[in-house]
>>> print(open('run.pdb').read())   # PDB, C-alpha atoms, pLDDT in the B column
ATOM      1  CA  MET G  16     -36.641  14.397  53.198  1.00 44.00           C
ATOM      2  CA  VAL G  17     -36.604  11.157  51.225  1.00 38.00           C
ATOM      3  CA  ARG G  18     -38.670  12.797  48.508  1.00 44.00           C
ATOM      4  CA  ASN G  19     -36.232  15.731  48.305  1.00 46.00           C
ATOM      5  CA  ALA G  20     -33.216  13.381  48.162  1.00 43.00           C
ATOM      6  CA  ALA G  21     -34.802  11.367  45.387  1.00 42.00           C
ATOM      7  CA  ALA G  22     -35.565  14.526  43.426  1.00 43.00           C
ATOM      8  CA  LEU G  23     -31.958  15.716  43.886  1.00 40.00           C
ATOM      9  CA  MET G  24     -30.575  12.379  42.634  1.00 41.00           C
ATOM     10  CA  ALA G  25     -32.861  12.545  39.613  1.00 41.00           C
ATOM     11  CA  LEU G  26     -31.540  16.020  38.781  1.00 39.00           C
ATOM     12  CA  ILE G  27     -27.928  14.899  39.156  1.00 37.00           C
ATOM     13  CA  THR G  28     -28.543  11.855  36.942  1.00 38.00           C
ATOM     14  CA  ALA G  29     -30.193  13.985  34.279  1.00 38.00           C
ATOM     15  CA  PHE G  30     -27.320  16.484  34.423  1.00 33.00           C
ATOM     16  CA  LEU G  31     -24.691  13.742  34.032  1.00 32.00           C
ATOM     17  CA  TYR G  32     -26.621  12.242  31.136  1.00 32.00           C
ATOM     18  CA  LEU G  33     -26.763  15.647  29.436  1.00 33.00           C
ATOM     19  CA  ILE G  34     -23.007  16.140  29.831  1.00 29.00           C
ATOM     20  CA  THR G  35     -22.308  12.681  28.412  1.00 31.00           C
ATOM     21  CA  ALA G  36     -24.646  13.218  25.466  1.00 33.00           C
ATOM     22  CA  VAL G  37     -23.135  16.605  24.655  1.00 32.00           C
ATOM     23  CA  GLY G  38     -19.640  15.172  24.886  1.00 34.00           C
ATOM     24  CA  ALA G  39     -20.503  12.359  22.466  1.00 31.00           C
ATOM     25  CA  THR G  40     -21.981  14.818  19.998  1.00 31.00           C
ATOM     26  CA  GLU G  41     -18.917  17.017  20.101  1.00 31.00           C
ATOM     27  CA  THR G  42     -16.381  14.202  19.693  1.00 31.00           C
ATOM     28  CA  GLU G  43     -18.211  12.216  17.023  1.00 36.00           C
ATOM     29  CA  PRO G  44     -17.154  14.381  14.057  1.00 37.00           C
ATOM     30  CA  GLU G  45     -13.505  14.137  15.105  1.00 39.00           C
ATOM     31  CA  GLU G  46     -13.728  10.341  15.284  1.00 40.00           C
ATOM     32  CA  MET G  47     -15.428  10.145  11.889  1.00 38.00           C
ATOM     33  CA  GLU G  48     -12.836  12.468  10.382  1.00 38.00           C
ATOM     34  CA  THR G  49     -10.055   9.913  10.874  1.00 43.00           C
ATOM     35  CA  GLU G  50     -12.030   6.761  10.000  1.00 83.00           C
ATOM     36  CA  ALA G  51     -10.850   4.900   6.892  1.00 96.00           C
ATOM     37  CA  SER G  52     -13.448   3.616   4.451  1.00 97.00           C
ATOM     38  CA  VAL G  53     -13.258   0.370   2.492  1.00 98.00           C
ATOM     39  CA  ILE G  54     -15.350   0.070  -0.653  1.00 98.00           C
ATOM     40  CA  LEU G  55     -16.097  -3.509  -1.711  1.00 98.00           C
ATOM     41  CA  LEU G  56     -16.774  -4.257  -5.382  1.00 98.00           C
ATOM     42  CA  HIS G  57     -18.116  -7.704  -6.260  1.00 98.00           C
ATOM     43  CA  GLY G  58     -17.429  -9.534  -9.502  1.00 97.00           C
ATOM     44  CA  MET G  59     -19.425  -9.863 -12.694  1.00 95.00           C
ATOM     45  CA  GLY G  60     -22.856 -11.356 -12.299  1.00 93.00           C
ATOM     46  CA  ARG G  61     -22.599 -11.358  -8.518  1.00 95.00           C
ATOM     47  CA  THR G  62     -24.160  -9.197  -5.797  1.00 96.00           C
ATOM     48  CA  ARG G  63     -22.970  -7.586  -2.582  1.00 96.00           C
ATOM     49  CA  ARG G  64     -23.921 -10.793  -0.763  1.00 97.00           C
ATOM     50  CA  SER G  65     -20.852 -12.465  -2.247  1.00 97.00           C
ATOM     51  CA  MET G  66     -18.686 -10.009  -0.261  1.00 98.00           C
ATOM     52  CA  ALA G  67     -20.675 -10.208   2.991  1.00 98.00           C
ATOM     53  CA  THR G  68     -18.103 -12.285   4.903  1.00 98.00           C
ATOM     54  CA  MET G  69     -15.301  -9.941   3.870  1.00 98.00           C
ATOM     55  CA  ALA G  70     -17.448  -6.940   4.826  1.00 98.00           C
ATOM     56  CA  SER G  71     -18.137  -8.323   8.296  1.00 97.00           C
ATOM     57  CA  ARG G  72     -14.470  -9.001   9.035  1.00 97.00           C
ATOM     58  CA  LEU G  73     -13.406  -5.568   7.811  1.00 97.00           C
ATOM     59  CA  ALA G  74     -16.049  -3.910   9.973  1.00 96.00           C
ATOM     60  CA  ASP G  75     -14.825  -5.909  12.976  1.00 96.00           C
ATOM     61  CA  SER G  76     -11.327  -4.552  12.226  1.00 95.00           C
ATOM     62  CA  GLY G  77     -12.567  -0.995  12.603  1.00 95.00           C
ATOM     63  CA  TYR G  78     -13.166   0.064   9.018  1.00 96.00           C
ATOM     64  CA  ARG G  79     -16.207   1.899   7.703  1.00 96.00           C
ATOM     65  CA  VAL G  80     -17.346  -0.589   5.079  1.00 97.00           C
ATOM     66  CA  VAL G  81     -19.359   0.202   1.964  1.00 97.00           C
ATOM     67  CA  ASN G  82     -20.370  -3.114   0.393  1.00 98.00           C
ATOM     68  CA  LEU G  83     -21.531  -1.817  -2.950  1.00 95.00           C
ATOM     69  CA  ASP G  84     -24.209  -3.454  -5.083  1.00 94.00           C
ATOM     70  CA  TYR G  85     -23.845  -2.395  -8.708  1.00 95.00           C
ATOM     71  CA  PRO G  86     -25.283  -3.610 -12.045  1.00 95.00           C
ATOM     72  CA  SER G  87     -22.175  -5.437 -13.239  1.00 94.00           C
ATOM     73  CA  THR G  88     -23.881  -6.852 -16.345  1.00 93.00           C
ATOM     74  CA  GLY G  89     -25.920  -3.782 -17.210  1.00 94.00           C
ATOM     75  CA  ALA G  90     -23.357  -1.307 -18.497  1.00 95.00           C
ATOM     76  CA  SER G  91     -19.830  -0.870 -19.838  1.00 96.00           C
ATOM     77  CA  ILE G  92     -16.762  -0.689 -17.628  1.00 97.00           C
ATOM     78  CA  GLU G  93     -16.421   3.031 -18.334  1.00 97.00           C
ATOM     79  CA  THR G  94     -20.039   3.740 -17.408  1.00 97.00           C
ATOM     80  CA  LEU G  95     -19.891   1.718 -14.205  1.00 96.00           C
ATOM     81  CA  SER G  96     -16.654   3.409 -13.172  1.00 96.00           C
ATOM     82  CA  GLU G  97     -17.883   6.919 -13.924  1.00 94.00           C
ATOM     83  CA  GLY G  98     -21.180   6.229 -12.198  1.00 94.00           C
ATOM     84  CA  VAL G  99     -21.308   3.989  -9.158  1.00 93.00           C
ATOM     85  CA  VAL G 100     -17.584   3.921  -8.357  1.00 96.00           C
ATOM     86  CA  ALA G 101     -17.018   7.674  -8.643  1.00 97.00           C
ATOM     87  CA  GLU G 102     -20.199   8.455  -6.697  1.00 96.00           C
ATOM     88  CA  THR G 103     -19.294   6.082  -3.864  1.00 97.00           C
ATOM     89  CA  VAL G 104     -15.777   7.494  -3.517  1.00 97.00           C
ATOM     90  CA  ARG G 105     -17.208  11.017  -3.469  1.00 96.00           C
ATOM     91  CA  ASP G 106     -19.642  10.072  -0.706  1.00 96.00           C
ATOM     92  CA  CYS G 107     -16.849   8.551   1.388  1.00 96.00           C
ATOM     93  CA  ARG G 108     -14.676  11.626   0.987  1.00 94.00           C
ATOM     94  CA  LEU G 109     -17.506  13.966   1.904  1.00 94.00           C
ATOM     95  CA  ALA G 110     -18.194  11.981   5.075  1.00 91.00           C
ATOM     96  CA  HIS G 111     -14.525  11.591   6.040  1.00 90.00           C
ATOM     97  CA  PRO G 112     -12.482  14.226   4.169  1.00 90.00           C
ATOM     98  CA  SER G 113      -9.026  13.385   5.549  1.00 88.00           C
ATOM     99  CA  ALA G 114      -9.382   9.595   5.747  1.00 96.00           C
ATOM    100  CA  PRO G 115      -8.075   6.974   3.299  1.00 97.00           C
ATOM    101  CA  VAL G 116     -10.516   5.320   0.929  1.00 98.00           C
ATOM    102  CA  HIS G 117      -9.464   1.718   0.338  1.00 98.00           C
ATOM    103  CA  PHE G 118     -10.851  -0.761  -2.184  1.00 98.00           C
ATOM    104  CA  VAL G 119     -11.230  -4.522  -1.949  1.00 98.00           C
ATOM    105  CA  THR G 120     -12.385  -5.932  -5.268  1.00 98.00           C
ATOM    106  CA  HIS G 121     -13.264  -9.252  -6.822  1.00 98.00           C
ATOM    107  CA  SER G 122     -12.682 -10.014 -10.512  1.00 97.00           C
ATOM    108  CA  LEU G 123     -14.342  -7.273 -12.634  1.00 97.00           C
ATOM    109  CA  GLY G 124     -14.316  -4.937  -9.618  1.00 98.00           C
ATOM    110  CA  GLY G 125     -10.547  -4.552  -9.951  1.00 98.00           C
ATOM    111  CA  ILE G 126     -10.870  -3.366 -13.555  1.00 98.00           C
ATOM    112  CA  LEU G 127     -13.470  -0.791 -12.500  1.00 98.00           C
ATOM    113  CA  VAL G 128     -11.033   0.643  -9.946  1.00 98.00           C
ATOM    114  CA  ARG G 129      -8.229   0.775 -12.512  1.00 98.00           C
ATOM    115  CA  GLN G 130     -10.575   2.612 -14.899  1.00 98.00           C
ATOM    116  CA  TYR G 131     -11.526   5.068 -12.147  1.00 98.00           C
ATOM    117  CA  LEU G 132      -7.874   5.744 -11.294  1.00 98.00           C
ATOM    118  CA  GLN G 133      -6.978   6.691 -14.867  1.00 97.00           C
ATOM    119  CA  THR G 134      -8.269  10.216 -14.235  1.00 96.00           C
ATOM    120  CA  ARG G 135      -8.623  10.448 -10.445  1.00 95.00           C
ATOM    121  CA  ARG G 136      -6.600   9.985  -7.272  1.00 95.00           C
ATOM    122  CA  LEU G 137      -7.497   8.509  -3.906  1.00 97.00           C
ATOM    123  CA  PRO G 138      -6.660  10.244  -0.597  1.00 96.00           C
ATOM    124  CA  PRO G 139      -3.175   9.679   0.881  1.00 95.00           C
ATOM    125  CA  GLY G 140      -2.860   6.341   2.641  1.00 97.00           C
ATOM    126  CA  SER G 141      -5.417   4.602   0.426  1.00 98.00           C
ATOM    127  CA  ARG G 142      -4.714   1.051  -0.782  1.00 98.00           C
ATOM    128  CA  VAL G 143      -6.299  -1.464  -3.131  1.00 98.00           C
ATOM    129  CA  VAL G 144      -6.556  -5.242  -2.791  1.00 98.00           C
ATOM    130  CA  MET G 145      -7.700  -7.098  -5.911  1.00 98.00           C
ATOM    131  CA  LEU G 146      -8.936 -10.686  -5.721  1.00 98.00           C
ATOM    132  CA  SER G 147      -8.694 -12.750  -8.932  1.00 98.00           C
ATOM    133  CA  PRO G 148      -8.645  -9.730 -11.272  1.00 98.00           C
ATOM    134  CA  PRO G 149      -8.410 -10.264 -15.061  1.00 98.00           C
ATOM    135  CA  ASN G 150      -5.804  -7.521 -15.240  1.00 98.00           C
ATOM    136  CA  GLN G 151      -4.514  -8.707 -18.613  1.00 97.00           C
ATOM    137  CA  GLY G 152      -7.876  -9.965 -19.803  1.00 96.00           C
ATOM    138  CA  SER G 153      -9.165 -13.527 -19.850  1.00 93.00           C
ATOM    139  CA  GLU G 154      -9.034 -16.111 -22.604  1.00 93.00           C
ATOM    140  CA  LEU G 155     -12.546 -17.155 -21.601  1.00 92.00           C
ATOM    141  CA  ALA G 156     -13.871 -13.765 -22.695  1.00 93.00           C
ATOM    142  CA  ASP G 157     -12.166 -14.339 -26.046  1.00 90.00           C
ATOM    143  CA  LEU G 158     -13.736 -17.778 -26.333  1.00 90.00           C
ATOM    144  CA  LEU G 159     -17.257 -16.838 -25.288  1.00 89.00           C
ATOM    145  CA  LYS G 160     -17.717 -13.270 -26.484  1.00 84.00           C
ATOM    146  CA  ASP G 161     -19.570 -14.254 -29.663  1.00 84.00           C
ATOM    147  CA  TRP G 162     -21.955 -16.625 -27.912  1.00 87.00           C
ATOM    148  CA  PHE G 163     -25.423 -15.134 -27.686  1.00 86.00           C
ATOM    149  CA  LEU G 164     -26.016 -16.526 -24.187  1.00 85.00           C
ATOM    150  CA  TYR G 165     -22.742 -15.041 -22.901  1.00 83.00           C
ATOM    151  CA  ARG G 166     -23.518 -11.633 -24.415  1.00 88.00           C
ATOM    152  CA  TRP G 167     -27.025 -11.721 -22.976  1.00 88.00           C
ATOM    153  CA  ILE G 168     -25.961 -12.758 -19.458  1.00 86.00           C
ATOM    154  CA  MET G 169     -22.703 -10.830 -19.070  1.00 90.00           C
ATOM    155  CA  GLY G 170     -23.692  -7.639 -20.864  1.00 91.00           C
ATOM    156  CA  PRO G 171     -21.400  -4.904 -22.217  1.00 93.00           C
ATOM    157  CA  ALA G 172     -18.602  -5.349 -19.666  1.00 95.00           C
ATOM    158  CA  GLY G 173     -18.303  -9.014 -20.553  1.00 92.00           C
ATOM    159  CA  GLN G 174     -17.329  -8.004 -24.092  1.00 93.00           C
ATOM    160  CA  GLN G 175     -14.492  -5.815 -22.806  1.00 94.00           C
ATOM    161  CA  LEU G 176     -12.470  -8.351 -20.822  1.00 95.00           C
ATOM    162  CA  GLY G 177     -10.627 -10.155 -23.627  1.00 95.00           C
ATOM    163  CA  THR G 178      -6.874 -10.491 -24.087  1.00 95.00           C
ATOM    164  CA  ALA G 179      -6.527  -8.281 -27.187  1.00 95.00           C
ATOM    165  CA  GLU G 180      -4.266  -5.243 -26.954  1.00 94.00           C
ATOM    166  CA  ASP G 181      -7.251  -2.931 -27.285  1.00 94.00           C
ATOM    167  CA  SER G 182      -9.338  -4.635 -24.583  1.00 96.00           C
ATOM    168  CA  VAL G 183     -10.084  -2.446 -21.583  1.00 97.00           C
ATOM    169  CA  PRO G 184      -7.743  -4.265 -19.136  1.00 97.00           C
ATOM    170  CA  ASN G 185      -4.825  -4.086 -21.581  1.00 97.00           C
ATOM    171  CA  ARG G 186      -5.190  -0.458 -22.617  1.00 97.00           C
ATOM    172  CA  LEU G 187      -5.466   0.957 -19.100  1.00 98.00           C
ATOM    173  CA  GLY G 188      -2.395   2.755 -17.801  1.00 97.00           C
ATOM    174  CA  PRO G 189      -0.632   2.227 -14.461  1.00 97.00           C
ATOM    175  CA  VAL G 190      -2.387   3.272 -11.264  1.00 97.00           C
ATOM    176  CA  ASP G 191      -0.780   5.520  -8.683  1.00 95.00           C
ATOM    177  CA  VAL G 192      -1.865   3.713  -5.509  1.00 97.00           C
ATOM    178  CA  PRO G 193      -0.447   0.713  -3.611  1.00 98.00           C
ATOM    179  CA  VAL G 194      -1.989  -2.457  -5.045  1.00 98.00           C
ATOM    180  CA  GLY G 195      -1.900  -5.979  -3.637  1.00 98.00           C
ATOM    181  CA  ILE G 196      -3.227  -8.866  -5.726  1.00 98.00           C
ATOM    182  CA  ILE G 197      -4.390 -12.270  -4.503  1.00 98.00           C
ATOM    183  CA  THR G 198      -5.354 -14.896  -7.048  1.00 98.00           C
ATOM    184  CA  GLY G 199      -6.079 -18.622  -6.991  1.00 97.00           C
ATOM    185  CA  ASP G 200      -4.694 -21.747  -8.617  1.00 97.00           C
ATOM    186  CA  SER G 201      -7.552 -24.133  -7.792  1.00 96.00           C
ATOM    187  CA  THR G 202     -10.556 -24.709 -10.035  1.00 92.00           C
ATOM    188  CA  LEU G 203     -14.074 -26.027  -9.745  1.00 90.00           C
ATOM    189  CA  GLU G 204     -14.552 -25.580 -13.506  1.00 88.00           C
ATOM    190  CA  PRO G 205     -12.200 -27.965 -15.323  1.00 89.00           C
ATOM    191  CA  TRP G 206     -13.859 -27.303 -18.699  1.00 87.00           C
ATOM    192  CA  PHE G 207     -12.862 -23.645 -18.441  1.00 89.00           C
ATOM    193  CA  SER G 208      -9.450 -24.399 -16.937  1.00 92.00           C
ATOM    194  CA  ALA G 209      -8.575 -26.621 -19.879  1.00 89.00           C
ATOM    195  CA  ARG G 210      -8.781 -23.521 -22.058  1.00 89.00           C
ATOM    196  CA  LEU G 211      -6.565 -21.362 -19.834  1.00 92.00           C
ATOM    197  CA  PRO G 212      -2.768 -21.506 -20.037  1.00 93.00           C
ATOM    198  CA  GLY G 213      -0.871 -22.465 -16.894  1.00 93.00           C
ATOM    199  CA  PRO G 214      -2.276 -22.405 -13.349  1.00 96.00           C
ATOM    200  CA  ASP G 215      -5.669 -20.747 -13.012  1.00 94.00           C
ATOM    201  CA  ASP G 216      -8.684 -20.370 -10.737  1.00 95.00           C
ATOM    202  CA  GLY G 217     -11.267 -21.527 -13.259  1.00 94.00           C
ATOM    203  CA  LYS G 218     -11.792 -18.082 -14.779  1.00 94.00           C
ATOM    204  CA  VAL G 219      -8.475 -16.199 -14.772  1.00 96.00           C
ATOM    205  CA  SER G 220      -4.964 -17.562 -15.210  1.00 96.00           C
ATOM    206  CA  VAL G 221      -2.429 -16.683 -12.517  1.00 97.00           C
ATOM    207  CA  ALA G 222      -0.228 -14.924 -15.074  1.00 97.00           C
ATOM    208  CA  ARG G 223      -3.040 -12.654 -16.298  1.00 97.00           C
ATOM    209  CA  ALA G 224      -3.953 -11.495 -12.785  1.00 98.00           C
ATOM    210  CA  ARG G 225      -0.684  -9.586 -12.450  1.00 98.00           C
ATOM    211  CA  LEU G 226      -0.032  -5.869 -12.824  1.00 98.00           C
ATOM    212  CA  ALA G 227       3.368  -4.410 -13.603  1.00 96.00           C
ATOM    213  CA  GLU G 228       2.956  -1.753 -10.898  1.00 97.00           C
ATOM    214  CA  MET G 229       1.601  -4.051  -8.159  1.00 98.00           C
ATOM    215  CA  ASP G 230       3.244  -3.839  -4.747  1.00 98.00           C
ATOM    216  CA  ASP G 231       2.666  -7.456  -3.732  1.00 98.00           C
ATOM    217  CA  PHE G 232       1.289 -10.670  -5.202  1.00 98.00           C
ATOM    218  CA  LEU G 233      -0.018 -13.813  -3.575  1.00 98.00           C
ATOM    219  CA  VAL G 234      -1.279 -17.114  -4.991  1.00 98.00           C
ATOM    220  CA  VAL G 235      -3.592 -19.234  -2.846  1.00 97.00           C
ATOM    221  CA  HIS G 236      -5.129 -22.645  -3.478  1.00 97.00           C
ATOM    222  CA  LYS G 237      -8.650 -21.284  -4.000  1.00 97.00           C
ATOM    223  CA  SER G 238     -11.125 -21.017  -6.868  1.00 97.00           C
ATOM    224  CA  HIS G 239     -12.403 -17.877  -8.558  1.00 96.00           C
ATOM    225  CA  GLY G 240     -15.944 -17.909  -7.212  1.00 95.00           C
ATOM    226  CA  PHE G 241     -15.106 -18.406  -3.537  1.00 96.00           C
ATOM    227  CA  ILE G 242     -11.728 -16.761  -2.984  1.00 98.00           C
ATOM    228  CA  MET G 243     -13.247 -13.742  -1.203  1.00 98.00           C
ATOM    229  CA  ASN G 244     -14.720 -15.942   1.571  1.00 97.00           C
ATOM    230  CA  ASP G 245     -11.509 -17.705   2.543  1.00 98.00           C
ATOM    231  CA  THR G 246     -10.186 -16.914   6.019  1.00 98.00           C
ATOM    232  CA  GLN G 247      -6.564 -16.727   4.866  1.00 97.00           C
ATOM    233  CA  VAL G 248      -7.474 -14.386   2.020  1.00 98.00           C
ATOM    234  CA  ILE G 249      -9.451 -12.104   4.350  1.00 98.00           C
ATOM    235  CA  ASP G 250      -6.580 -12.031   6.856  1.00 98.00           C
ATOM    236  CA  GLN G 251      -4.107 -11.174   4.105  1.00 98.00           C
ATOM    237  CA  THR G 252      -6.425  -8.482   2.763  1.00 98.00           C
ATOM    238  CA  ILE G 253      -6.612  -6.785   6.138  1.00 98.00           C
ATOM    239  CA  HIS G 254      -2.825  -7.097   6.540  1.00 98.00           C
ATOM    240  CA  PHE G 255      -2.251  -5.339   3.212  1.00 98.00           C
ATOM    241  CA  LEU G 256      -4.653  -2.522   4.055  1.00 98.00           C
ATOM    242  CA  GLU G 257      -2.763  -1.974   7.301  1.00 97.00           C
ATOM    243  CA  HIS G 258       0.831  -2.500   6.122  1.00 97.00           C
ATOM    244  CA  GLY G 259       0.925  -2.194   2.327  1.00 97.00           C
ATOM    245  CA  ARG G 260       2.135  -5.774   1.890  1.00 97.00           C
ATOM    246  CA  PHE G 261       1.013  -9.338   2.452  1.00 98.00           C
ATOM    247  CA  ARG G 262       2.302 -11.623   5.150  1.00 95.00           C
ATOM    248  CA  HIS G 263       4.685 -14.085   3.492  1.00 89.00           C
ATOM    249  CA  ASP G 264       5.561 -17.162   5.529  1.00 79.00           C
ATOM    250  CA  HIS G 265       9.061 -18.476   5.035  1.00 54.00           C
TER     251      HIS G 265
END
>>> encode(input="run.pdb", output="structure tokens")
Amino acid sequence: MVRNAAALMALITAFLYLITAVGATETEPEEMETEASVILLHGMGRTRRSMATMASRLADSGYRVVNLDYPSTGASIETLSEGVVAETVRDCRLAHPSAPVHFVTHSLGGILVRQYLQTRRLPPGSRVVMLSPPNQGSELADLLKDWFLYRWIMGPAGQQLGTAEDSVPNRLGPVDVPVGIITGDSTLEPWFSARLPGPDDGKVSVARARLAEMDDFLVVHKSHGFIMNDTQVIDQTIHFLEHGRFRHDH
């Protein structure tokens, strides 16, 4: 009797497990279909590790995070945009066809997204947060572009970030997606800051981070190399992705 009861319980348990497993398999595609992706693009000369803190917080907030590692010093802005950026967006859209594809970028990453959006569109509901982007170029690129060491370390993209009218940042047209920009006014590189006009983050002046079509703009007391790890910046990034604006304290 005991043996029969135990066998019956085992069958019931197996049956319930099968129902649960089948249910999970059937509902998983629907859940994935509505899941928003966030693509992270690090800055020049950095790696995906520089965006790891941001990636972790975004994942905790429920986003599907793609923290992209790309050869920022190995190719031109156009090549990087047409290659790694376009391929990553395509992969996200194939996995989640109806979901937004957001971007969170640091420095050069913002210019890659602008280049991508010259000829393509993101799904409805997508948003972009740029951290310390040289949207109007950087005087440092003007100053250093002829130095052999700079050309060797920063590669083709480093030659494209100047302030001339024909530089890549200044010849790109407006982008048709909500954009929020956060930049810094604190520096750990006074030698560079002395060569930048007005407040700056050690690499990009506050004025040159702006875009005419941006939806919101925020200046924080952080430096260029570490702005993406700041708790306030991460909180504001998530707020913009959710609401299309930053939280402004009055």
>>> closest_residue(input="run.pdb", among="G:Val248, G:Ala74, G:Ile92, G:Met59", to="His121 of chain G", atoms="all atoms listed in the file")
G:Met59
>>> closest_residue(input="run.pdb", among="G:Met169, G:Val235, G:Ala101, G:Ile126", to="Thr88 of chain G", atoms="all atoms listed in the file")
G:Met169
>>> resolve_selection(input="run.pdb", expression="the PyMOL selection byres ((chain G and resi 140-156) around 8)", output="PDB file with C-alpha atoms, in the coordinates of the input")
ATOM      1  CA  ALA G 114      -9.382   9.595   5.747  1.00 96.00           C
ATOM      2  CA  PRO G 115      -8.075   6.974   3.299  1.00 97.00           C
ATOM      3  CA  VAL G 116     -10.516   5.320   0.929  1.00 98.00           C
ATOM      4  CA  HIS G 117      -9.464   1.718   0.338  1.00 98.00           C
ATOM      5  CA  PHE G 118     -10.851  -0.761  -2.184  1.00 98.00           C
ATOM      6  CA  VAL G 119     -11.230  -4.522  -1.949  1.00 98.00           C
ATOM      7  CA  THR G 120     -12.385  -5.932  -5.268  1.00 98.00           C
ATOM      8  CA  HIS G 121     -13.264  -9.252  -6.822  1.00 98.00           C
ATOM      9  CA  SER G 122     -12.682 -10.014 -10.512  1.00 97.00           C
ATOM     10  CA  LEU G 123     -14.342  -7.273 -12.634  1.00 97.00           C
ATOM     11  CA  GLY G 124     -14.316  -4.937  -9.618  1.00 98.00           C
ATOM     12  CA  GLY G 125     -10.547  -4.552  -9.951  1.00 98.00           C
ATOM     13  CA  ILE G 126     -10.870  -3.366 -13.555  1.00 98.00           C
ATOM     14  CA  LEU G 137      -7.497   8.509  -3.906  1.00 97.00           C
ATOM     15  CA  PRO G 138      -6.660  10.244  -0.597  1.00 96.00           C
ATOM     16  CA  PRO G 139      -3.175   9.679   0.881  1.00 95.00           C
ATOM     17  CA  ASP G 157     -12.166 -14.339 -26.046  1.00 90.00           C
ATOM     18  CA  LEU G 158     -13.736 -17.778 -26.333  1.00 90.00           C
ATOM     19  CA  LEU G 159     -17.257 -16.838 -25.288  1.00 89.00           C
ATOM     20  CA  LYS G 160     -17.717 -13.270 -26.484  1.00 84.00           C
ATOM     21  CA  GLY G 173     -18.303  -9.014 -20.553  1.00 92.00           C
ATOM     22  CA  GLN G 174     -17.329  -8.004 -24.092  1.00 93.00           C
ATOM     23  CA  GLN G 175     -14.492  -5.815 -22.806  1.00 94.00           C
ATOM     24  CA  LEU G 176     -12.470  -8.351 -20.822  1.00 95.00           C
ATOM     25  CA  GLY G 177     -10.627 -10.155 -23.627  1.00 95.00           C
ATOM     26  CA  THR G 178      -6.874 -10.491 -24.087  1.00 95.00           C
ATOM     27  CA  ALA G 179      -6.527  -8.281 -27.187  1.00 95.00           C
ATOM     28  CA  SER G 182      -9.338  -4.635 -24.583  1.00 96.00           C
ATOM     29  CA  PRO G 184      -7.743  -4.265 -19.136  1.00 97.00           C
ATOM     30  CA  ASN G 185      -4.825  -4.086 -21.581  1.00 97.00           C
ATOM     31  CA  VAL G 192      -1.865   3.713  -5.509  1.00 97.00           C
ATOM     32  CA  PRO G 193      -0.447   0.713  -3.611  1.00 98.00           C
ATOM     33  CA  VAL G 194      -1.989  -2.457  -5.045  1.00 98.00           C
ATOM     34  CA  GLY G 195      -1.900  -5.979  -3.637  1.00 98.00           C
ATOM     35  CA  ILE G 196      -3.227  -8.866  -5.726  1.00 98.00           C
ATOM     36  CA  ILE G 197      -4.390 -12.270  -4.503  1.00 98.00           C
ATOM     37  CA  THR G 198      -5.354 -14.896  -7.048  1.00 98.00           C
ATOM     38  CA  GLY G 199      -6.079 -18.622  -6.991  1.00 97.00           C
ATOM     39  CA  PHE G 207     -12.862 -23.645 -18.441  1.00 89.00           C
ATOM     40  CA  ARG G 210      -8.781 -23.521 -22.058  1.00 89.00           C
ATOM     41  CA  LEU G 211      -6.565 -21.362 -19.834  1.00 92.00           C
ATOM     42  CA  ASP G 216      -8.684 -20.370 -10.737  1.00 95.00           C
ATOM     43  CA  LYS G 218     -11.792 -18.082 -14.779  1.00 94.00           C
ATOM     44  CA  VAL G 219      -8.475 -16.199 -14.772  1.00 96.00           C
ATOM     45  CA  SER G 220      -4.964 -17.562 -15.210  1.00 96.00           C
ATOM     46  CA  ARG G 223      -3.040 -12.654 -16.298  1.00 97.00           C
ATOM     47  CA  ALA G 224      -3.953 -11.495 -12.785  1.00 98.00           C
ATOM     48  CA  ARG G 225      -0.684  -9.586 -12.450  1.00 98.00           C
ATOM     49  CA  LEU G 226      -0.032  -5.869 -12.824  1.00 98.00           C
ATOM     50  CA  HIS G 239     -12.403 -17.877  -8.558  1.00 96.00           C
ATOM     51  CA  ILE G 242     -11.728 -16.761  -2.984  1.00 98.00           C
ATOM     52  CA  MET G 243     -13.247 -13.742  -1.203  1.00 98.00           C
ATOM     53  CA  THR G 252      -6.425  -8.482   2.763  1.00 98.00           C
ATOM     54  CA  PHE G 255      -2.251  -5.339   3.212  1.00 98.00           C
ATOM     55  CA  LEU G 256      -4.653  -2.522   4.055  1.00 98.00           C
ATOM     56  CA  GLY G 259       0.925  -2.194   2.327  1.00 97.00           C
TER      57      GLY G 259
END
>>> closest_residue(input="run.pdb", among="G:Val128, G:Met69, G:Val100, G:Leu203", to="Thr246 of chain G", atoms="only C-alpha atoms")
G:Met69
>>> atom_distance(input="run.pdb", atom1="atom CA of Trp206 of chain G", atom2="atom CA of Ala222 of chain G")
18.8 Å
>>> resolve_selection(input="run.pdb", expression="the PyMOL selection byres ((chain G and resi 77) around 12)", output="JSON list (two decimals) with C-alpha atoms, keeping the file's coordinate frame")
[["chain", "number", "residue", "atom", "x", "y", "z"],
["G", 46, "GLU", "CA", -13.73, 10.34, 15.28],
["G", 47, "MET", "CA", -15.43, 10.14, 11.89],
["G", 49, "THR", "CA", -10.06, 9.91, 10.87],
["G", 50, "GLU", "CA", -12.03, 6.76, 10.00],
["G", 51, "ALA", "CA", -10.85, 4.90, 6.89],
["G", 52, "SER", "CA", -13.45, 3.62, 4.45],
["G", 53, "VAL", "CA", -13.26, 0.37, 2.49],
["G", 70, "ALA", "CA", -17.45, -6.94, 4.83],
["G", 71, "SER", "CA", -18.14, -8.32, 8.30],
["G", 72, "ARG", "CA", -14.47, -9.00, 9.04],
["G", 73, "LEU", "CA", -13.41, -5.57, 7.81],
["G", 74, "ALA", "CA", -16.05, -3.91, 9.97],
["G", 75, "ASP", "CA", -14.82, -5.91, 12.98],
["G", 76, "SER", "CA", -11.33, -4.55, 12.23],
["G", 78, "TYR", "CA", -13.17, 0.06, 9.02],
["G", 79, "ARG", "CA", -16.21, 1.90, 7.70],
["G", 80, "VAL", "CA", -17.35, -0.59, 5.08],
["G", 253, "ILE", "CA", -6.61, -6.78, 6.14],
["G", 256, "LEU", "CA", -4.65, -2.52, 4.06],
["G", 257, "GLU", "CA", -2.76, -1.97, 7.30]]
